[in-house]
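*Asks:* One file: model-v5.txt (compact mmCIF, C-alpha atoms).
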```txt
# COMPACT_ATOMS: atom_id res chain seq x y z
CA MET A 197 -7.72 29.89 104.91
CA LYS A 198 -4.88 32.18 105.96
CA HIS A 199 -2.38 30.13 103.95
CA ILE A 200 -4.61 30.26 100.86
CA PHE A 201 -4.88 34.04 101.17
CA ILE A 202 -1.10 34.41 101.42
CA ALA A 203 -0.65 32.13 98.42
CA ILE A 204 -3.06 34.27 96.39
CA LEU A 205 -1.17 37.44 97.38
CA LEU A 206 2.12 35.88 96.32
CA VAL A 207 0.69 34.97 92.92
CA VAL A 208 -0.84 38.42 92.40
CA PHE A 209 2.24 40.37 93.47
CA GLY A 210 4.48 37.93 91.63
CA SER A 211 2.51 38.59 88.45
CA LEU A 212 2.70 42.34 88.92
CA SER A 213 6.43 42.18 89.53
CA ALA A 214 7.00 40.02 86.46
CA GLN A 215 5.25 42.58 84.27
CA ASN A 216 8.12 45.00 84.86
CA PHE A 217 10.57 42.81 82.96
CA LYS A 218 11.05 43.25 79.22
CA PRO A 219 13.09 41.13 76.82
CA TYR A 220 13.68 44.12 74.52
CA GLN A 221 12.64 47.66 73.68
CA PHE A 222 13.13 49.73 70.51
CA TYR A 223 13.70 53.48 70.64
CA ASP A 224 13.92 56.04 67.86
CA LYS A 225 16.86 58.45 67.54
CA LYS A 226 15.10 60.97 69.80
CA GLY A 227 14.83 58.47 72.63
CA LYS A 228 11.12 57.78 72.20
CA GLU A 229 9.82 54.22 72.45
CA ILE A 230 8.72 52.82 69.10
CA LYS A 231 6.55 49.77 68.60
CA THR A 232 7.66 47.08 66.18
CA GLU A 233 4.67 47.67 63.90
CA LYS A 234 5.65 51.33 63.41
CA LEU A 235 9.32 50.38 63.13
CA VAL A 236 8.60 47.99 60.26
CA LYS A 237 6.47 50.57 58.43
CA GLU A 238 9.29 53.09 58.65
CA LEU A 239 11.97 50.59 57.60
CA ALA A 240 10.02 49.85 54.42
CA ASP A 241 10.90 53.33 53.11
CA TYR A 242 14.66 52.73 53.22
CA ASP A 243 16.97 51.45 50.49
CA VAL A 244 19.31 49.76 52.98
CA VAL A 245 18.73 48.68 56.58
CA PHE A 246 21.64 47.65 58.80
CA PHE A 247 20.48 45.42 61.65
CA GLY A 248 23.30 45.44 64.18
CA GLU A 249 23.71 42.54 66.55
CA ASN A 250 25.55 41.17 69.54
CA HIS A 251 26.57 37.84 68.05
CA ASN A 252 25.79 35.82 71.18
CA ASN A 253 22.35 37.24 72.00
CA SER A 254 19.36 35.06 71.11
CA ILE A 255 16.80 37.88 71.50
CA ASN A 256 18.80 39.90 68.96
CA HIS A 257 18.71 37.04 66.44
CA TRP A 258 15.03 36.30 67.04
CA LEU A 259 14.16 39.94 66.40
CA GLN A 260 16.19 39.93 63.18
CA LEU A 261 14.03 37.08 61.92
CA LYS A 262 10.71 38.53 63.09
CA ILE A 263 11.45 42.02 61.75
CA THR A 264 12.55 40.48 58.44
CA GLU A 265 9.33 38.46 58.19
CA ALA A 266 7.25 41.55 58.95
CA LEU A 267 9.22 43.70 56.53
CA TYR A 268 8.72 41.06 53.81
CA ALA A 269 4.97 41.35 54.30
CA GLN A 270 5.09 45.16 54.45
CA LYS A 271 7.16 45.33 51.22
CA ASN A 272 5.19 42.63 49.37
CA GLY A 273 8.31 40.53 49.10
CA GLN A 274 10.56 43.30 47.78
CA LEU A 275 13.53 42.36 49.96
CA ILE A 276 17.17 41.38 49.54
CA LEU A 277 19.04 39.83 52.45
CA GLY A 278 22.75 39.92 53.15
CA ALA A 279 25.09 39.25 56.04
CA GLU A 280 28.57 39.72 57.43
CA MET A 281 28.57 36.05 58.44
CA PHE A 282 28.97 34.82 54.86
CA GLU A 283 32.08 35.48 52.79
CA ARG A 284 32.08 36.38 49.11
CA ASP A 285 33.86 33.25 47.93
CA ASN A 286 31.10 31.14 49.52
CA GLN A 287 28.31 32.79 47.51
CA SER A 288 28.09 29.84 45.12
CA GLN A 289 27.60 27.35 47.97
CA LEU A 290 25.00 29.62 49.55
CA ASN A 291 23.16 29.89 46.24
CA GLN A 292 23.18 26.12 45.86
CA TYR A 293 21.51 25.79 49.25
CA LEU A 294 18.96 28.50 48.46
CA SER A 295 18.03 26.74 45.22
CA GLY A 296 17.67 23.36 46.93
CA LYS A 297 20.67 21.75 45.22
CA PHE A 298 22.56 21.55 48.52
CA ASP A 299 21.12 20.24 51.77
CA ALA A 300 22.16 21.70 55.13
CA LYS A 301 24.97 19.19 55.64
CA THR A 302 26.48 19.86 52.21
CA LEU A 303 26.37 23.60 52.88
CA LYS A 304 28.07 23.07 56.24
CA ASP A 305 30.76 20.87 54.67
CA SER A 306 31.48 23.21 51.74
CA ALA A 307 31.22 26.72 53.24
CA ARG A 308 32.89 28.47 56.17
CA LEU A 309 29.93 28.84 58.50
CA TRP A 310 30.01 30.44 61.93
CA SER A 311 29.72 28.07 64.89
CA ASN A 312 26.28 29.51 65.76
CA PHE A 313 24.98 29.24 62.18
CA THR A 314 22.37 26.57 62.88
CA THR A 315 20.69 28.41 65.76
CA ASP A 316 21.17 32.04 64.75
CA TYR A 317 21.56 32.44 60.97
CA LYS A 318 20.05 29.36 59.38
CA PRO A 319 16.51 30.61 60.19
CA LEU A 320 17.23 33.75 58.13
CA VAL A 321 18.73 31.76 55.26
CA ASP A 322 15.82 29.32 55.34
CA PHE A 323 13.38 32.24 55.22
CA ALA A 324 15.15 33.52 52.10
CA LYS A 325 15.06 30.01 50.64
CA ASP A 326 11.35 29.61 51.35
CA LYS A 327 10.46 33.01 49.87
CA LYS A 328 12.95 32.73 46.99
CA LEU A 329 14.87 35.82 48.06
CA ASN A 330 18.47 36.66 47.22
CA PHE A 331 20.80 36.25 50.17
CA ILE A 332 24.17 37.92 49.60
CA ALA A 333 27.45 36.79 51.12
CA THR A 334 28.90 40.26 51.64
CA ASN A 335 32.07 39.84 53.65
CA ILE A 336 35.71 39.51 52.65
CA PRO A 337 37.21 36.02 53.03
CA ARG A 338 38.73 36.08 56.49
CA LYS A 339 42.21 35.08 55.29
CA TYR A 340 42.56 38.37 53.40
CA ALA A 341 41.48 40.40 56.42
CA SER A 342 44.02 38.49 58.50
CA GLN A 343 46.68 39.15 55.87
CA THR A 344 45.88 42.86 56.03
CA ALA A 345 46.24 42.90 59.82
CA LYS A 346 49.66 41.26 59.57
CA GLU A 347 51.13 42.72 56.38
CA GLY A 348 49.15 45.86 55.64
CA LEU A 349 46.62 46.89 53.03
CA GLU A 350 49.25 47.14 50.29
CA SER A 351 49.84 43.38 50.47
CA LEU A 352 46.44 42.82 48.87
CA ASN A 353 47.77 44.29 45.62
CA ASN A 354 49.65 41.01 45.16
CA LEU A 355 46.48 38.90 45.03
CA SER A 356 45.49 37.24 41.77
CA ALA A 357 42.73 38.75 39.62
CA LYS A 358 40.27 36.09 40.83
CA GLU A 359 41.15 36.67 44.48
CA LYS A 360 40.59 40.40 44.04
CA THR A 361 36.98 39.74 43.03
CA TYR A 362 36.37 38.69 46.64
CA ILE A 363 37.47 42.03 48.11
CA ALA A 364 36.56 45.68 47.62
CA GLN A 365 38.18 47.37 44.66
CA LEU A 366 41.55 48.75 45.66
CA PRO A 367 42.68 51.26 46.76
CA ILE A 368 40.28 51.96 49.62
CA LYS A 369 40.37 54.97 51.88
CA VAL A 370 41.37 54.27 55.49
CA THR A 371 40.91 57.21 57.83
CA LEU A 372 40.34 57.87 61.52
CA ASP A 373 37.50 60.15 60.42
CA THR A 374 35.41 56.97 60.14
CA PRO A 375 33.24 56.63 63.28
CA GLY A 376 34.46 53.77 65.45
CA TYR A 377 37.99 53.66 64.09
CA PRO A 378 39.47 56.12 66.63
CA GLU A 379 38.03 53.83 69.30
CA MET A 380 39.99 50.94 67.81
CA LYS A 381 43.16 53.04 67.95
CA THR A 382 42.50 53.81 71.61
CA MET A 383 41.97 50.11 72.33
CA MET A 384 45.47 49.40 70.99
CA GLY A 385 46.98 51.83 73.52
CA ASP A 386 49.32 54.81 73.22
CA HIS A 387 52.43 52.65 73.17
CA ALA A 388 51.35 50.38 70.31
CA ASP A 389 53.42 50.41 67.15
CA GLY A 390 51.94 52.90 64.66
CA THR A 391 52.18 50.55 61.69
CA LYS A 392 50.61 47.70 63.66
CA VAL A 393 47.74 49.97 64.72
CA MET A 394 46.99 51.09 61.17
CA ASN A 395 47.20 47.54 59.86
CA PHE A 396 44.68 46.50 62.51
CA ILE A 397 42.34 49.34 61.53
CA SER A 398 42.90 48.62 57.84
CA ALA A 399 41.77 45.03 58.39
CA GLN A 400 38.50 46.39 59.78
CA ALA A 401 38.27 48.86 56.92
CA ILE A 402 38.71 46.23 54.18
CA LYS A 403 35.88 44.24 55.77
CA ASP A 404 33.61 47.29 55.92
CA ALA A 405 34.51 48.44 52.40
CA THR A 406 33.95 44.96 50.97
CA MET A 407 30.55 44.62 52.62
CA ALA A 408 29.62 48.10 51.39
CA GLU A 409 30.61 47.23 47.84
CA SER A 410 28.70 43.93 48.03
CA ILE A 411 25.54 45.76 49.05
CA LEU A 412 25.90 48.39 46.31
CA LYS A 413 26.49 45.73 43.64
CA ASN A 414 23.45 43.69 44.62
CA MET A 415 20.86 46.39 45.28
CA GLN A 416 17.76 46.53 43.12
CA ALA A 417 15.42 49.49 42.58
CA GLY A 418 12.35 49.35 44.78
CA LYS A 419 13.76 46.68 47.08
CA THR A 420 15.02 47.11 50.62
CA PHE A 421 18.39 45.47 51.28
CA ILE A 422 18.50 44.32 54.92
CA HIS A 423 21.98 43.55 56.16
CA TYR A 424 22.84 41.66 59.35
CA ASN A 425 26.16 42.57 60.91
CA GLY A 426 27.96 42.92 64.19
CA ASN A 427 26.93 46.16 65.86
CA TYR A 428 30.44 47.60 65.49
CA HIS A 429 30.22 47.50 61.68
CA SER A 430 27.47 50.14 61.55
CA LYS A 431 27.23 51.84 64.95
CA GLU A 432 27.40 55.63 65.03
CA PHE A 433 26.84 55.54 61.24
CA GLY A 434 30.37 54.27 60.75
CA GLY A 435 31.81 51.15 59.15
CA ILE A 436 29.78 49.80 56.24
CA TYR A 437 27.38 52.76 56.37
CA TRP A 438 30.27 55.22 56.08
CA TYR A 439 31.79 53.44 53.07
CA ILE A 440 28.47 53.33 51.22
CA LYS A 441 28.00 57.06 51.87
CA GLN A 442 31.35 57.74 50.18
CA LYS A 443 30.11 55.98 47.03
CA ASN A 444 26.44 56.96 47.01
CA PRO A 445 25.45 59.72 49.43
CA ASN A 446 21.89 59.80 48.11
CA LEU A 447 20.85 56.35 49.31
CA LYS A 448 18.34 56.29 52.14
CA MET A 449 19.85 54.08 54.81
CA ALA A 450 18.78 53.18 58.35
CA VAL A 451 20.87 51.76 61.16
CA ILE A 452 19.46 49.63 63.96
CA SER A 453 22.01 49.66 66.77
CA VAL A 454 21.95 47.45 69.85
CA PHE A 455 22.71 48.42 73.43
CA GLU A 456 22.49 46.66 76.78
CA SER A 457 20.62 48.09 79.76
CA GLU A 458 20.79 47.18 83.45
CA THR A 459 17.30 48.51 84.21
CA PRO A 460 14.31 46.13 84.12
CA GLU A 461 12.35 48.75 82.13
CA LEU A 462 15.14 48.79 79.52
CA LYS A 463 15.60 52.51 79.61
CA VAL A 464 18.14 54.15 77.34
CA PRO A 465 21.61 53.65 78.90
CA GLU A 466 23.06 56.69 80.62
CA LYS A 467 26.62 55.96 79.51
CA ASP A 468 28.17 55.18 76.12
CA TYR A 469 24.88 55.72 74.30
CA ILE A 470 25.20 57.24 70.84
CA PRO A 471 21.88 56.54 69.11
CA THR A 472 21.36 55.86 65.43
CA ASP A 473 18.02 55.81 63.56
CA PHE A 474 16.59 52.97 65.64
CA ASN A 475 18.03 51.54 68.83
CA LEU A 476 17.41 48.11 70.30
CA ILE A 477 17.82 47.88 74.06
CA ILE A 478 18.25 44.42 75.57
CA PRO A 479 18.87 43.28 79.16
CA SER A 480 22.53 43.20 80.11
CA ASP A 481 21.94 40.00 82.09
CA MET A 482 20.27 38.15 79.23
CA THR A 483 21.79 34.67 78.94
CA LYS A 484 24.54 34.59 76.33
CA THR A 485 24.52 31.73 73.84
CA TYR A 486 28.31 31.37 73.88
```
As a first step, turn the structure in this file into structure tokens.

*Replies:*
Amino acid sequence: MKHIFIAILLVVFGSLSAQNFKPYQFYDKKGKEIKTEKLVKELADYDVVFFGENHNNSINHWLQLKITEALYAQKNGQLILGAEMFERDNQSQLNQYLSGKFDAKTLKDSARLWSNFTTDYKPLVDFAKDKKLNFIATNIPRKYASQTAKEGLESLNNLSAKEKTYIAQLPIKVTLDTPGYPEMKTMMGDHADGTKVMNFISAQAIKDATMAESILKNMQAGKTFIHYNGNYHSKEFGGIYWYIKQKNPNLKMAVISVFESETPELKVPEKDYIPTDFNLIIPSDMTKTY
């Protein structure tokens, strides 16, 4: 009888303890917890939503899908999807898949897909396919970003007319006034070559400017454009957000940023926390997918 009683206590206290653990928590910009239902209702009022991510976090990707599904219902299907993970010159292949002309293997063989495409991004693309939504390949082909890092932004002027359709219209403004870019400069160190530093930042800038232009070109009145990108591309209202603001300051845009927390309750981090409109907190010890 004693052993049964102890077993019951272990189950009860084990259950109570387990209730303290959360897989995620959303907060608004004032640090107040916000439920997903309210979050979705608020997102429906925006022209553009940036959903930042840690590329190797499965909870992050799952939430992108669930929030997208809920937003689709809230907006009666008035959605456009787009992502950093697809490059402009692969738009045709992506469209072929969305229309059913390509199967998954043909898409994989013909487009430059990320290694975690099947687990993390295919569900989003398949949702767009099922609901007949546009899914925009927003990013610059990686070879041109690499070229910029090595040879500078000016080297892109030598691209052919067709190649230039895959990048933001030149010239683009590159400035350390853009949130996040001074941090990149710091990462390079005080002794780094000045030209090398600016080429590195310019490579980030041409990505951000190209994704911004892609969003602006594919927006439609009354529809919310939800864009999936690495957290760095929109955190602190920098990156893609900043470049869109330079072109159209009147657009209503929301940023969902992601942060890691070491507390089981997923409280707002005490350090390095600069909130945006909505802030996703996830456990720092969550298993990484790669």

*Asks:* Pick out the residues sitting within 9 Å of Asn250 (chain A), and hand them over as number ranges by chain; count only C-alpha atoms, and ignore anything fewer than 3 positions along from it in its own chain.

*Replies:* A: 253-254, 256-257, 425-427, 454-455

*Asks:* Which one of A:Phe421, A:Tyr220, A:Trp438, A:Tyr340 sits closest to Leu275 (chain A) if you count only C-alpha atoms?

*Replies:* A:Phe421

*Asks:* Would you work out the distance separating CA of Gln292 (chain A) from CA of Ala279 (chain A), expressed in Å to one decimal?

*Replies:*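 CA of Ala279 (chain A) lies 16.7 Å from CA of Gln292 (chain A).
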
*Asks:* Interatomic distance between CA of Phe246 (chain A) and CA of Asp299 (chain A)?

*Replies:*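 Here the two named atoms are 28.3 Å from each other.
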
*Asks:* Taking only C-alpha atoms into account, name the residue in A:Glu359, A:Asp243, A:Glu265, A:Ser351 that is nearest to Asp322 (chain A).

*Replies:*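 Of the candidates, the smallest distance to Asp322 (chain A) is held by A:Glu265.
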
*Asks:* What does the distance between CA of His429 (chain A) and CA of Asp404 (chain A) come to in Å, to one decimal place?

*Replies:* 6.7 Å

*Asks:* Within 9 Å of Leu235 (chain A), counting all atoms listed in the file, which residues qualify if same-chain residues fewer than 2 places away don't, as a list in words?

*Replies:*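 The contact residues come out as Phe222, Asp224, Ile230, Lys231, Thr232, Glu233, Lys237, Glu238, Leu239, Ala240, Ile263 and Phe474 of chain A.
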
*Asks:* Around (16.3, 52.5, 64.9) in the file's own coordinates, what residues are found within 8 Å if you use all atoms listed in the file, given back as a PyMOL selection string?

*Replies:* chain A and resi 222-225+235+450-453+472-476

*Asks:* Here is a test: counting all atoms listed in the file, which residue of A:Asp481, A:Glu350, A:Asp316, A:Glu409 is nearest to Gln442 (chain A)?

*Replies:*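 Looking only at the distances to Gln442 (chain A), the closest residue turns out to be A:Glu409.
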
*Asks:* Residues within 12 Å of Ala417 (chain A), please, as a VMD selection string. Count all atoms listed in the file; anything in the same chain fewer than 3 positions from it doesn't count.

*Replies:* chain A and resid 242 to 244 274 to 276 412 to 414 420 to 421 447

*Asks:* For region 333-375 of chain A against region 383-392 of chain A, with a cut-off of 9 Å and counting only C-alpha atoms, what is the closest atom pair and its distance in Å to one decimal for every residue that makes the cut, ordered by chain and number, as a tab-separated table?

*Replies:*
```
residue	atom	partner	partner_atom	distance
A:Ala345	CA	A:Lys392	CA	7.5
A:Lys346	CA	A:Lys392	CA	7.7
A:Glu347	CA	A:Lys392	CA	8.8
A:Gly348	CA	A:Thr391	CA	8.2
```

*Asks:* Between A:Ile478, A:Ile336, A:Ala405, A:Met281, which residue has the minimum interatomic distance to Lys318 (chain A), considering all atoms listed in the file?

*Replies:* A:Met281

*Asks:* Measuring between all atoms listed in the file, which one of A:Thr483, A:Asn354, A:Thr406, A:Thr264 shows the shortest distance to Pro319 (chain A)?

*Replies:*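 Nearest candidate to Pro319 (chain A) out of A:Thr483, A:Asn354, A:Thr406, A:Thr264: A:Thr264.
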
*Asks:* Given the choices A:Asn335, A:Ile402, A:Asn330, A:Lys484, which gets closest to Leu366 (chain A) if the distance is worked out from only C-alpha atoms?

*Replies:* A:Ile402

*Asks:* So which residues touch Asp285 (chain A) within 10 Å, counting all atoms listed in the file, skipping near sequence neighbours fewer than 5 positions away, as a list in words?

*Replies:*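 Answer for this query is Leu290, Ala307, Arg308, Ala333, Thr334, Asn335, Ile336, Pro337, Lys358, Glu359, Thr361, Tyr362 and Ile363 of chain A.
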
*Asks:* Mind checking which residues fall within 9 Å of Ile470 (chain A), counting all atoms listed in the file, ignoring those fewer than 3 positions away in the same chain, and posting them as JSON, numbers by chain?

*Replies:* {"A": [431, 432, 467]}

*Asks:* With C-alpha atoms retained, could you export that selection as a compact mmCIF listing (two decimals), in the coordinates of the input?

*Replies:*
```txt
# COMPACT_ATOMS: atom_id res chain seq x y z
CA LYS A 431 27.23 51.84 64.95
CA GLU A 432 27.40 55.63 65.03
CA LYS A 467 26.62 55.96 79.51
```

*Asks:* Could you complete region 404-415 of chain A so that it carries all heavy atoms, and give it back as a compact mmCIF listing (two decimals), in the frame of the given file?

*Replies:*
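New file selection-v8.txt:
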```txt
# COMPACT_ATOMS: atom_id res chain seq x y z
N ASP A 404 34.72 46.34 56.08
CA ASP A 404 33.61 47.29 55.92
C ASP A 404 33.44 47.71 54.46
O ASP A 404 32.32 47.77 53.94
CB ASP A 404 33.83 48.52 56.80
CG ASP A 404 33.68 48.21 58.28
OD1 ASP A 404 32.94 47.26 58.62
OD2 ASP A 404 34.29 48.92 59.10
N ALA A 405 34.56 48.00 53.80
CA ALA A 405 34.51 48.44 52.40
C ALA A 405 34.01 47.32 51.49
O ALA A 405 33.26 47.57 50.54
CB ALA A 405 35.89 48.91 51.95
N THR A 406 34.40 46.10 51.78
CA THR A 406 33.95 44.96 50.97
C THR A 406 32.45 44.72 51.15
O THR A 406 31.72 44.50 50.17
CB THR A 406 34.73 43.68 51.33
OG1 THR A 406 36.12 43.88 51.03
CG2 THR A 406 34.23 42.48 50.54
N MET A 407 31.98 44.80 52.39
CA MET A 407 30.55 44.62 52.62
C MET A 407 29.75 45.75 51.98
O MET A 407 28.67 45.52 51.41
CB MET A 407 30.27 44.51 54.12
CG MET A 407 30.72 43.18 54.70
SD MET A 407 30.22 42.91 56.43
CE MET A 407 31.56 43.75 57.31
N ALA A 408 30.28 46.97 52.04
CA ALA A 408 29.62 48.10 51.39
C ALA A 408 29.51 47.89 49.88
O ALA A 408 28.46 48.10 49.29
CB ALA A 408 30.38 49.40 51.70
N GLU A 409 30.61 47.48 49.28
CA GLU A 409 30.61 47.23 47.84
C GLU A 409 29.65 46.11 47.47
O GLU A 409 28.94 46.19 46.46
CB GLU A 409 32.03 46.87 47.38
CG GLU A 409 32.15 46.67 45.87
CD GLU A 409 33.55 46.23 45.46
OE1 GLU A 409 33.81 45.00 45.51
OE2 GLU A 409 34.36 47.09 45.10
N SER A 410 29.60 45.06 48.28
CA SER A 410 28.70 43.93 48.03
C SER A 410 27.24 44.38 48.03
O SER A 410 26.44 43.95 47.19
CB SER A 410 28.90 42.84 49.07
OG SER A 410 30.21 42.33 49.05
N ILE A 411 26.91 45.24 48.97
CA ILE A 411 25.54 45.76 49.05
C ILE A 411 25.22 46.61 47.82
O ILE A 411 24.18 46.43 47.18
CB ILE A 411 25.35 46.57 50.34
CG1 ILE A 411 25.43 45.65 51.56
CG2 ILE A 411 24.02 47.32 50.33
CD1 ILE A 411 25.51 46.36 52.89
N LEU A 412 26.12 47.50 47.47
CA LEU A 412 25.90 48.39 46.31
C LEU A 412 25.76 47.59 45.02
O LEU A 412 24.94 47.93 44.16
CB LEU A 412 27.05 49.39 46.21
CG LEU A 412 27.07 50.50 47.27
CD1 LEU A 412 28.38 51.28 47.20
CD2 LEU A 412 25.88 51.43 47.08
N LYS A 413 26.53 46.53 44.87
CA LYS A 413 26.49 45.73 43.64
C LYS A 413 25.22 44.90 43.52
O LYS A 413 24.82 44.54 42.41
CB LYS A 413 27.71 44.79 43.58
CG LYS A 413 29.01 45.48 43.18
CD LYS A 413 30.12 44.44 43.00
CE LYS A 413 31.37 45.08 42.43
NZ LYS A 413 32.47 44.09 42.23
N ASN A 414 24.59 44.61 44.64
CA ASN A 414 23.45 43.69 44.62
C ASN A 414 22.11 44.36 44.93
O ASN A 414 21.09 43.68 45.03
CB ASN A 414 23.69 42.55 45.61
CG ASN A 414 24.77 41.60 45.13
OD1 ASN A 414 24.54 40.75 44.29
ND2 ASN A 414 25.98 41.77 45.66
N MET A 415 22.11 45.67 45.06
CA MET A 415 20.86 46.39 45.28
C MET A 415 20.00 46.36 44.02
O MET A 415 20.52 46.26 42.91
CB MET A 415 21.15 47.84 45.67
CG MET A 415 21.74 48.02 47.04
SD MET A 415 21.97 49.78 47.42
CE MET A 415 20.27 50.34 47.34
```
